[in-house]
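Colleague: Supplied in structure tokens, the structure appears directly below.
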Amino acid sequence: MEKVTINDIAKAASVTAATVSMALNNHPRISEATKRKIRAIAKELHYVPNASARSLASAKTHTIGLIISDMAEPINASTVRAILKKIQQTHYKFVLYESYENPDWDWSKDLYHQVSRERRVDGIIHKAFNLREQDSAIVDSLVVPMVVVENALSWVDCVDIENKEASRLTVNYLLKKGHRKIGVVVCNSPSNVLKVRLNSVIDTLKDAGLSLDPRHIFQEVLFTPENGARAADYFHDLVDKPTAIFVIAGDYVAAGLMSRLIELGYQIPQDIAIIGFDDLWFASYLNPKLTSIRQPLEDMAEAAVNMLIARINNPEKPVEMKKFKLNLIIRQSA
């Protein structure tokens with residue numbers, strides 16, 4: 001008689017082999033009803049687990065995996081630095097994986113499953129800016145826990161920032177400075193993060209009896225200084241220009257915008273005020289120094305690491321969300 005495998009159980013239960021594996025290992029992502037069904041089928045088929053494989057799967061690596069996309073972006077590099085600094089204060093080691101995201105997440109999905117399946121780590125911290133609520137299936141077959149940084153999702157532990165309040169704080173500051181025509185530089189992203197920032201700009205202007213002119217919104221795909229420079233050319237060509245620009249796409253983009261505007265002959269902030277987002281290390285070294293929204297990266301990193309270790313130690317605990325308030329750091333550009 002041939003030995004019964006997980007694939008045999010999956011076929012009988014009309015589910016994936018990954019679902020069977022998680023059910024038999026009491027993974028919290030699998031419903032109790034599904035677990036009972038799969039266990040009953042396993043018993044009926046006289047399934048016997050591979051003892052050596054189970055031993056390997058239950059072994060601890062005392063290692064945390066950090067997945068991040070495009071380390072060339074300063075905000076990503078700064079986030080990695082903060083998280084690794086915190087991990088080094090624990091008894092865990094770390095492994096860094098770089099994920100070049102694409103719209104359908106195929107590469108990231110493969111990376112998730114490879115890291116999880118091979119049990120190289122006890123858990124994963126992922127700066128998943130582009131993950132969406134409907135992407136929960138991507139991690140359904142993970143057998144190690146994950147914490148997401150800078151996103152707000154209902155199906156996974158998250159460390160996020162108060163994007164809505166940050167935009168409201170920024171717009172109200174510009175309104176107090178006398179600005180009524182405010183432009184926005186945003187990047188096209190499938191997630192809700194930048195949408196929340198943009199919608200908050202619109203709502204705050206509306207509360208003040210104003211509106212955001214659609215022509216004052218510049219949107220590109222990549223978070224790069226080059227896109228910031230293209231935004232500068234775009235606003236320069238407008239007849240009715242904004243008097244202030246909020247770069248919700250981040251300081252990296254704001255640096256390109258400000259540099260190009262200066263090349264075009266604008267004085268900042270006299271002609272156009274500029275405010276960035278993230279308050280990266282170089283913001284205070286630009287000329288003029290960049291006013292920006294500061295993310296508390298050290299505090300966020302500590303929360304992410306503590307949250308993941310807690311999940312490793314207690315896989316059944318409820319999904320957790322922690323949000324951090326942001327501060328507007330006022331410098332010369334606005």
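Every chain in the structure tokens has a letter given in the order shown (A, B, ...), and although residue numbers restart at 1 in each chain, ligands are simply numbered from 1 in the order shown.
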May I have the residues within 9 Å of Gln295 of chain A as number ranges by chain, using only C-alpha atoms and disregarding those fewer than 3 positions away in the same chain?
Modeller: A: 161, 277-280, 298, 300, 324-327
Colleague: List every residue of segment 142-288 of chain A that DSSP, applied to the backbone of this structure, places in strand (DSSP E or B), and write the result as a PyMOL selection string.
Modeller: chain A and resi 146-149+157-161+182-187+217-220+244-247+273-278
Colleague: List the spatial neighbours of Asn313 of chain A as a ChimeraX atom specification - criterion: any atom at most 12 Å away, only C-alpha atoms, same-chain residues fewer than 2 positions off excluded.
Modeller: /A:60,62,122-123,144-145,306-311,315-317
Colleague: With distances taken over only C-alpha atoms, which residue among A:Ala72, A:Ala23, A:Ile217, A:Ala128 lies nearest Asn151 of chain A?
Modeller: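 Among the listed residues, A:Ala128 lies closest to Asn151 of chain A.
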Colleague: Go ahead and compute the interatomic distance for atom CA of Arg132 of chain A and atom CA of Ile75 of chain A, in Å to one decimal.
Modeller: 20.0 Å
Colleague: Which residues are near segment 251-256 of chain A? Cut-off 9 Å, only C-alpha atoms, ignore same chain within fewer than 2 positions. Put them as a PyMOL selection string.
Modeller: chain A and resi 73-75+185+222-232+246-249+258-261+274-280+282-283+286+290+292
Colleague: What does the file look like for those residues with C-alpha atoms, as a PDB file, in the first residue's frame?
Modeller:
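The new file out-v7.pdb reads:
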```pdb
ATOM      1  CA  GLU A  73      15.134  54.460  -1.974  1.00  0.00           C
ATOM      2  CA  PRO A  74      16.387  56.361   1.116  1.00  0.00           C
ATOM      3  CA  ILE A  75      13.180  55.754   3.096  1.00  0.00           C
ATOM      4  CA  VAL A 185       2.885  65.320  -6.010  1.00  0.00           C
ATOM      5  CA  LEU A 222       8.134  55.751  -9.448  1.00  0.00           C
ATOM      6  CA  PHE A 223       9.314  57.327  -6.187  1.00  0.00           C
ATOM      7  CA  THR A 224      12.415  59.000  -7.679  1.00  0.00           C
ATOM      8  CA  PRO A 225      14.033  62.465  -7.871  1.00  0.00           C
ATOM      9  CA  GLU A 226      13.622  62.252 -11.651  1.00  0.00           C
ATOM     10  CA  ASN A 227       9.851  62.148 -11.209  1.00  0.00           C
ATOM     11  CA  GLY A 228      10.174  65.126  -8.890  1.00  0.00           C
ATOM     12  CA  ALA A 229      11.986  67.015 -11.642  1.00  0.00           C
ATOM     13  CA  ARG A 230       9.235  66.106 -14.119  1.00  0.00           C
ATOM     14  CA  ALA A 231       6.699  67.445 -11.628  1.00  0.00           C
ATOM     15  CA  ALA A 232       8.608  70.741 -11.538  1.00  0.00           C
ATOM     16  CA  PHE A 246       2.979  69.053  -0.782  1.00  0.00           C
ATOM     17  CA  VAL A 247       5.059  66.095  -1.974  1.00  0.00           C
ATOM     18  CA  ILE A 248       3.165  63.240  -0.361  1.00  0.00           C
ATOM     19  CA  ALA A 249       5.287  60.836  -2.421  1.00  0.00           C
ATOM     20  CA  MET A 258      13.005  71.485  -5.499  1.00  0.00           C
ATOM     21  CA  SER A 259      16.291  71.168  -7.397  1.00  0.00           C
ATOM     22  CA  ARG A 260      14.563  71.511 -10.766  1.00  0.00           C
ATOM     23  CA  LEU A 261      12.421  74.447  -9.651  1.00  0.00           C
ATOM     24  CA  ILE A 274       7.678  72.906  -0.728  1.00  0.00           C
ATOM     25  CA  ILE A 275       6.851  70.328   1.954  1.00  0.00           C
ATOM     26  CA  GLY A 276       8.051  66.735   1.789  1.00  0.00           C
ATOM     27  CA  PHE A 277       7.125  63.532   3.577  1.00  0.00           C
ATOM     28  CA  ASP A 278       9.301  61.209   5.754  1.00  0.00           C
ATOM     29  CA  ASP A 279      11.916  63.765   6.963  1.00  0.00           C
ATOM     30  CA  LEU A 280      14.838  61.720   5.705  1.00  0.00           C
ATOM     31  CA  PHE A 282      19.214  64.665   3.892  1.00  0.00           C
ATOM     32  CA  ALA A 283      16.202  66.990   4.349  1.00  0.00           C
ATOM     33  CA  LEU A 286      19.223  70.606   1.085  1.00  0.00           C
ATOM     34  CA  LEU A 290      13.307  70.957   3.425  1.00  0.00           C
ATOM     35  CA  SER A 292       8.868  67.677   5.963  1.00  0.00           C
TER      36      SER A 292
END
```
Colleague: For Asp240 of chain A, please output as a PyMOL selection string all residues within 10 Å (counting only C-alpha atoms; exclusion window: fewer than 4 positions along the same chain).
Modeller: chain A and resi 181+213+215-216+235-236
Colleague: Only N, CA and C atoms, please: the residues just picked out, written as a CSV table (one decimal), in the first residue's frame.
Modeller:
```
chain,number,residue,atom,x,y,z
A,181,LYS,N,-3.7,78.1,-3.1
A,181,LYS,CA,-3.5,77.2,-4.3
A,181,LYS,C,-2.4,76.2,-3.9
A,213,ASP,N,-7.5,71.9,-7.1
A,213,ASP,CA,-7.6,71.9,-8.5
A,213,ASP,C,-7.0,70.6,-9.1
A,215,ARG,N,-5.8,70.1,-11.8
A,215,ARG,CA,-4.5,70.4,-12.6
A,215,ARG,C,-3.3,70.6,-11.7
A,216,HIS,N,-3.6,70.7,-10.4
A,216,HIS,CA,-2.5,70.9,-9.4
A,216,HIS,C,-2.1,69.5,-8.8
A,235,PHE,N,4.5,71.7,-13.3
A,235,PHE,CA,3.9,72.9,-12.7
A,235,PHE,C,4.4,74.2,-13.3
A,236,HIS,N,5.6,74.2,-13.8
A,236,HIS,CA,6.2,75.4,-14.5
A,236,HIS,C,5.4,75.8,-15.7
```
Colleague: Out of A:Asn192, A:Gln89, A:Asn199, A:Asn7, which residue has the shortest atom-to-atom distance to Ala152 of chain A when counting only C-alpha atoms?
Modeller: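 Checking each candidate against Ala152 of chain A, we get A:Asn192 as the closest.
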Colleague: What's the separation between atom CA of Pro269 of chain A and atom CA of Thr79 of chain A, in Å to one decimal place?
Modeller: 29.2 Å
Colleague: Under the rule that only C-alpha atoms are counted, which of A:Lys164, A:Lys85, A:Arg120, A:His179 is the nearest residue to Ala244 of chain A?
Modeller: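 Result for the nearest residue to Ala244 of chain A: A:His179.
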Colleague: I'd like the neighbourhood of Ile124 of chain A as a short mmCIF file (atom, residue, chain, number, x, y, z; two decimals) with N, CA and C atoms, in the first residue's frame, where a residue qualifies if any of its atoms comes within 6 Å (using only C-alpha atoms), though same-chain residues fewer than 2 positions away should be ignored.
Modeller:
```cif
data_model
loop_
_atom_site.label_atom_id
_atom_site.label_comp_id
_atom_site.auth_asym_id
_atom_site.auth_seq_id
_atom_site.Cartn_x
_atom_site.Cartn_y
_atom_site.Cartn_z
N ILE A 64 15.19 36.40 12.17
CA ILE A 64 14.08 37.17 11.62
C ILE A 64 14.44 37.57 10.19
N GLY A 65 13.51 37.37 9.28
CA GLY A 65 13.70 37.78 7.90
C GLY A 65 13.11 39.16 7.68
N LEU A 66 13.85 40.02 7.00
CA LEU A 66 13.38 41.36 6.68
C LEU A 66 13.27 41.48 5.16
N MET A 146 4.18 36.97 10.05
CA MET A 146 4.69 38.16 9.38
C MET A 146 4.10 39.41 10.00
#
```
Colleague: Please, which residues of segment 97-306 of chain A, numbered as in this document, come out helix (DSSP H, G or I) from DSSP, as an MDAnalysis selection string?
Modeller: chainID A and resid 106:117 133:139 163:176 193:207 214:216 225:237 251:263 281:285 297:306
